[in-house]
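Trainee: Here it is, the structure, as structure tokens.
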Amino acid sequence: MSGSQPTERTVVAKLRGQPTSDGAGVKLNRVIGTNALPDLDPFLMLDEFGSDDPDAYIAGFPDHPHRGFETVTYMLDGRMRHADNKGNVGLLGPGSVQWMTAGRGIVHSEMPEQEEGLMRGFQLWINLPASEKMCPPAYQDLPADAMPVVETATGASVKVIAGTYAGTRGPVDAKATQPLYLDIVFAEGGRAALPVPSEHNAFVYVYEGAVAVGGEAVAKGTLAVLRPGDRVTLAAEAPARAILVAGKPLREPVAKYGPFVMNTPEEIHQAVADFRAGKF
Ligand code: CO
């Protein structure tokens, strides 16, 4: 913030996801939350789901609990219905986002609202600090048109889901982690120079085509973890799409057990006991 030239972020590591299944058997590609990358503080998990085979998604994610963090679902294609035990219901359609703060406990389901066709999107888990893990649950349903899209003069369009790009703010705020979540669509030869807060951890995930990230080629289905800096420059020779996600690290101990993410094993035992006792 000295007013000098921005420091370019470059790629420190490239990782492929790990095919897995979750919920009642939904096939997905786990990109964060694997043995190779257990987390990227404050991000606990990134799953990409994408299939036009109904057998890969039809069983959905029936009722399951969460405590201690936030889940962000970004639908690219297809429809999914959300319902939770706090009375929230929502239909996620193409381009929409569901931002759920599990806080002290919620039980929800995410079920496909289609029997055929393409279902594609991301689910990201963002940790909460110790001081907010037991906050009341919250839920925001954001239709596609709630997210502003900024057209650059250089052949890229930037959808702002969280954080700020070129003075345009996304609709979601998370106080502790101040996330930046951008979806960038590149035309042939498109490029974008994207500011990223210097104290944030950041990654780019390429999900269509190929993108040069800080000058390094990153193929479809690859996560690029970024070095510190306050800007990243992305460029694509052919049409491509990628998400850029960044967040302020919490630097707290992480105790993780399935859908519960707390700071200590004792808090995990308490979460399991509270869930079994019907306290969610
Ligand atoms: Co869930």
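If you're wondering about the labels, chains in the structure tokens are A, B, ... by order shown, residues count from 1 in each chain, ligands from 1 in order shown.
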Could you give me, as a PyMOL selection string, every polymer residue with an atom at most 12 Å away from an atom of ligand 1, counting only C-alpha atoms and all ligand atoms?

Mentor: chain A and resi 22-24+45+47+60-67+69-73+81-84+98-102+105-111+123-125+258-260

Trainee: Using only C-alpha atoms, please write the residues we just selected to a file, as a PDB file, in the first residue's frame.

Mentor:
```
ATOM      1  CA  ASP A  22     -19.861 -37.233  -1.427  1.00  0.00           C
ATOM      2  CA  GLY A  23     -23.438 -36.887  -0.245  1.00  0.00           C
ATOM      3  CA  ALA A  24     -25.428 -39.889  -1.481  1.00  0.00           C
ATOM      4  CA  MET A  45     -12.401 -27.459   0.824  1.00  0.00           C
ATOM      5  CA  ASP A  47     -15.156 -29.325  -4.806  1.00  0.00           C
ATOM      6  CA  GLY A  60     -27.793 -35.379  -4.330  1.00  0.00           C
ATOM      7  CA  PHE A  61     -26.825 -34.389  -0.812  1.00  0.00           C
ATOM      8  CA  PRO A  62     -29.619 -35.479   1.553  1.00  0.00           C
ATOM      9  CA  ASP A  63     -29.915 -34.006   5.079  1.00  0.00           C
ATOM     10  CA  HIS A  64     -26.531 -33.484   6.731  1.00  0.00           C
ATOM     11  CA  PRO A  65     -25.205 -31.165   9.445  1.00  0.00           C
ATOM     12  CA  HIS A  66     -22.506 -28.472   9.476  1.00  0.00           C
ATOM     13  CA  ARG A  67     -20.898 -26.482  12.282  1.00  0.00           C
ATOM     14  CA  PHE A  69     -17.652 -22.572   8.943  1.00  0.00           C
ATOM     15  CA  GLU A  70     -19.354 -21.282   5.780  1.00  0.00           C
ATOM     16  CA  THR A  71     -20.296 -23.182   2.628  1.00  0.00           C
ATOM     17  CA  VAL A  72     -20.516 -21.360  -0.691  1.00  0.00           C
ATOM     18  CA  THR A  73     -22.180 -23.107  -3.615  1.00  0.00           C
ATOM     19  CA  ARG A  81     -32.867 -27.222  -4.321  1.00  0.00           C
ATOM     20  CA  HIS A  82     -31.631 -26.234  -0.886  1.00  0.00           C
ATOM     21  CA  ALA A  83     -33.630 -26.741   2.291  1.00  0.00           C
ATOM     22  CA  ASP A  84     -32.515 -26.464   5.912  1.00  0.00           C
ATOM     23  CA  GLN A  98     -25.824 -19.886  -2.070  1.00  0.00           C
ATOM     24  CA  TRP A  99     -23.765 -18.532   0.824  1.00  0.00           C
ATOM     25  CA  MET A 100     -24.505 -20.419   4.020  1.00  0.00           C
ATOM     26  CA  THR A 101     -22.972 -19.631   7.388  1.00  0.00           C
ATOM     27  CA  ALA A 102     -23.350 -22.833   9.383  1.00  0.00           C
ATOM     28  CA  GLY A 105     -25.225 -25.686  13.635  1.00  0.00           C
ATOM     29  CA  ILE A 106     -27.502 -26.299  10.695  1.00  0.00           C
ATOM     30  CA  VAL A 107     -28.898 -29.385   8.960  1.00  0.00           C
ATOM     31  CA  HIS A 108     -29.494 -28.991   5.248  1.00  0.00           C
ATOM     32  CA  SER A 109     -29.985 -30.855   2.009  1.00  0.00           C
ATOM     33  CA  GLU A 110     -29.004 -30.002  -1.546  1.00  0.00           C
ATOM     34  CA  MET A 111     -30.934 -32.055  -4.061  1.00  0.00           C
ATOM     35  CA  GLN A 123     -18.661 -25.780  -3.449  1.00  0.00           C
ATOM     36  CA  LEU A 124     -16.140 -23.889  -1.328  1.00  0.00           C
ATOM     37  CA  TRP A 125     -15.803 -24.141   2.461  1.00  0.00           C
ATOM     38  CA  GLY A 258     -16.496 -34.571   8.356  1.00  0.00           C
ATOM     39  CA  PRO A 259     -18.980 -31.698   8.321  1.00  0.00           C
ATOM     40  CA  PHE A 260     -17.705 -30.142  11.566  1.00  0.00           C
TER      41      PHE A 260
END
```

Trainee: What's around Glu252 in chain A at 9 Å? Count only C-alpha atoms, leave out sequence neighbours fewer than 4 positions away in its own chain, and write the answer as a VMD selection string.

Mentor: chain A and resid 41 129 to 130 263

Trainee: May I have the residues within 10 Å of Met262 in chain A as a list in words, using only C-alpha atoms and disregarding those fewer than 6 positions away in the same chain?

Mentor: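 Here the qualifying residues turn out to be Arg67, Gly68, Phe69, Asn127, Leu128, Pro129, Ala130, Lys133, Met134, Glu252, Pro253, Val254, Ala255, Lys256, Ile268, His269, Gln270 and Ala271 of chain A.
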
Trainee: Deliver the residues from the most recent selection as a file, using N, CA and C atoms, as a PDB file, in the first residue's frame.

Mentor:
```pdb
ATOM      1  N   ARG A  67     -21.168 -27.448  11.207  1.00  0.00           N
ATOM      2  CA  ARG A  67     -20.898 -26.482  12.282  1.00  0.00           C
ATOM      3  C   ARG A  67     -19.507 -25.881  12.094  1.00  0.00           C
ATOM      4  N   GLY A  68     -19.405 -24.579  12.300  1.00  0.00           N
ATOM      5  CA  GLY A  68     -18.103 -23.942  12.471  1.00  0.00           C
ATOM      6  C   GLY A  68     -17.507 -23.240  11.268  1.00  0.00           C
ATOM      7  N   PHE A  69     -18.235 -23.201  10.137  1.00  0.00           N
ATOM      8  CA  PHE A  69     -17.652 -22.572   8.943  1.00  0.00           C
ATOM      9  C   PHE A  69     -18.767 -22.152   7.985  1.00  0.00           C
ATOM     10  N   ASN A 127     -13.481 -21.139   6.375  1.00  0.00           N
ATOM     11  CA  ASN A 127     -13.477 -21.287   7.824  1.00  0.00           C
ATOM     12  C   ASN A 127     -13.998 -20.022   8.506  1.00  0.00           C
ATOM     13  N   LEU A 128     -14.469 -20.184   9.730  1.00  0.00           N
ATOM     14  CA  LEU A 128     -14.841 -19.064  10.593  1.00  0.00           C
ATOM     15  C   LEU A 128     -13.823 -18.991  11.730  1.00  0.00           C
ATOM     16  N   PRO A 129     -13.554 -17.782  12.236  1.00  0.00           N
ATOM     17  CA  PRO A 129     -12.644 -17.670  13.382  1.00  0.00           C
ATOM     18  C   PRO A 129     -13.319 -18.226  14.630  1.00  0.00           C
ATOM     19  N   ALA A 130     -12.522 -18.580  15.636  1.00  0.00           N
ATOM     20  CA  ALA A 130     -13.049 -19.140  16.889  1.00  0.00           C
ATOM     21  C   ALA A 130     -14.183 -18.277  17.437  1.00  0.00           C
ATOM     22  N   LYS A 133     -17.468 -19.144  15.389  1.00  0.00           N
ATOM     23  CA  LYS A 133     -17.888 -20.510  15.051  1.00  0.00           C
ATOM     24  C   LYS A 133     -19.265 -20.864  15.612  1.00  0.00           C
ATOM     25  N   MET A 134     -19.624 -20.260  16.746  1.00  0.00           N
ATOM     26  CA  MET A 134     -20.915 -20.580  17.355  1.00  0.00           C
ATOM     27  C   MET A 134     -21.942 -19.466  17.123  1.00  0.00           C
ATOM     28  N   GLU A 252      -5.429 -20.082  12.930  1.00  0.00           N
ATOM     29  CA  GLU A 252      -5.912 -20.734  14.152  1.00  0.00           C
ATOM     30  C   GLU A 252      -5.813 -22.240  13.942  1.00  0.00           C
ATOM     31  N   PRO A 253      -5.739 -23.008  15.037  1.00  0.00           N
ATOM     32  CA  PRO A 253      -5.731 -24.468  14.865  1.00  0.00           C
ATOM     33  C   PRO A 253      -7.040 -24.951  14.238  1.00  0.00           C
ATOM     34  N   VAL A 254      -6.925 -25.970  13.370  1.00  0.00           N
ATOM     35  CA  VAL A 254      -8.092 -26.522  12.691  1.00  0.00           C
ATOM     36  C   VAL A 254      -8.303 -27.958  13.161  1.00  0.00           C
ATOM     37  N   ALA A 255      -9.472 -28.238  13.732  1.00  0.00           N
ATOM     38  CA  ALA A 255      -9.866 -29.606  14.070  1.00  0.00           C
ATOM     39  C   ALA A 255     -11.063 -29.928  13.185  1.00  0.00           C
ATOM     40  N   LYS A 256     -10.884 -30.937  12.295  1.00  0.00           N
ATOM     41  CA  LYS A 256     -11.873 -31.188  11.256  1.00  0.00           C
ATOM     42  C   LYS A 256     -12.369 -32.608  11.392  1.00  0.00           C
ATOM     43  N   ILE A 268     -14.927 -30.682  18.683  1.00  0.00           N
ATOM     44  CA  ILE A 268     -15.499 -31.633  17.719  1.00  0.00           C
ATOM     45  C   ILE A 268     -16.389 -32.636  18.460  1.00  0.00           C
ATOM     46  N   HIS A 269     -15.903 -33.159  19.578  1.00  0.00           N
ATOM     47  CA  HIS A 269     -16.724 -34.102  20.364  1.00  0.00           C
ATOM     48  C   HIS A 269     -18.029 -33.435  20.775  1.00  0.00           C
ATOM     49  N   GLN A 270     -17.944 -32.167  21.170  1.00  0.00           N
ATOM     50  CA  GLN A 270     -19.149 -31.428  21.563  1.00  0.00           C
ATOM     51  C   GLN A 270     -20.109 -31.279  20.378  1.00  0.00           C
ATOM     52  N   ALA A 271     -19.536 -31.004  19.184  1.00  0.00           N
ATOM     53  CA  ALA A 271     -20.375 -30.849  17.985  1.00  0.00           C
ATOM     54  C   ALA A 271     -21.137 -32.137  17.693  1.00  0.00           C
TER      55      ALA A 271
END
```

Trainee: Would you pick out the contacts of Met80 in chain A at 7 Å or less, using only C-alpha atoms, so that residues sharing its chain but fewer than 6 positions from it are not included, and give the list as JSON, numbers by chain?

Mentor: {"A": [91, 92, 93, 110, 111, 112, 113]}

Trainee: If we count only C-alpha atoms, what is near Ala238 in chain A at a cut-off of 7 Å, once residues fewer than 6 positions away on the same chain are taken out, given as a PyMOL selection string?

Mentor: chain A and resi 187-189

Trainee: For the selection just defined, write its residues with N, CA, C and O atoms to a file, as a PDB file, in the first residue's frame.

Mentor:
```pdb
ATOM      1  N   ALA A 187     -12.318 -14.105 -23.459  1.00  0.00           N
ATOM      2  CA  ALA A 187     -12.445 -14.280 -24.905  1.00  0.00           C
ATOM      3  C   ALA A 187     -11.054 -14.659 -25.431  1.00  0.00           C
ATOM      4  O   ALA A 187     -10.064 -14.620 -24.690  1.00  0.00           O
ATOM      5  N   GLU A 188     -10.993 -15.026 -26.710  1.00  0.00           N
ATOM      6  CA  GLU A 188      -9.698 -15.336 -27.320  1.00  0.00           C
ATOM      7  C   GLU A 188      -8.742 -14.159 -27.112  1.00  0.00           C
ATOM      8  O   GLU A 188      -9.087 -13.021 -27.411  1.00  0.00           O
ATOM      9  N   GLY A 189      -7.567 -14.430 -26.540  1.00  0.00           N
ATOM     10  CA  GLY A 189      -6.574 -13.374 -26.308  1.00  0.00           C
ATOM     11  C   GLY A 189      -6.900 -12.464 -25.137  1.00  0.00           C
ATOM     12  O   GLY A 189      -6.241 -11.441 -24.950  1.00  0.00           O
TER      13      GLY A 189
END
```

Trainee: Find the residues near Tyr181 in chain A: any atom within 9 Å, counting only C-alpha atoms, skip ones fewer than 5 places away on the same chain, and give them as JSON, numbers by chain.

Mentor: {"A": [159, 160, 161, 162, 163, 164, 170, 243, 244, 245, 246, 247]}

Trainee: Could you check which of A:Gln114, A:Thr10, A:Ser51, A:Ser131 is closest to Val218 in chain A, using only C-alpha atoms?

Mentor: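 Nearest candidate to Val218 in chain A out of A:Gln114, A:Thr10, A:Ser51, A:Ser131: A:Thr10.
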
Trainee: Counting only C-alpha atoms, figure out which residue out of A:Asp141, A:Ile184, A:Met75, A:Ala59 gets nearest to Asn88 in chain A.

Mentor: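 Closest residue, counting only C-alpha atoms: A:Asp141.
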
Trainee: What does the distance from CA of Ala192 in chain A to CA of Pro228 in chain A come to in Å, to one decimal?

Mentor: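 A separation of 18.0 Å between them.
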
Trainee: Once DSSP has gone over the backbone, tell me which residues of range 11-137 of chain A are in strand (DSSP E), as a PyMOL selection string.

Mentor: chain A and resi 11-16+18-22+26-32+43-51+61-66+69-77+80-84+89-92+97-101+106-112+119-127
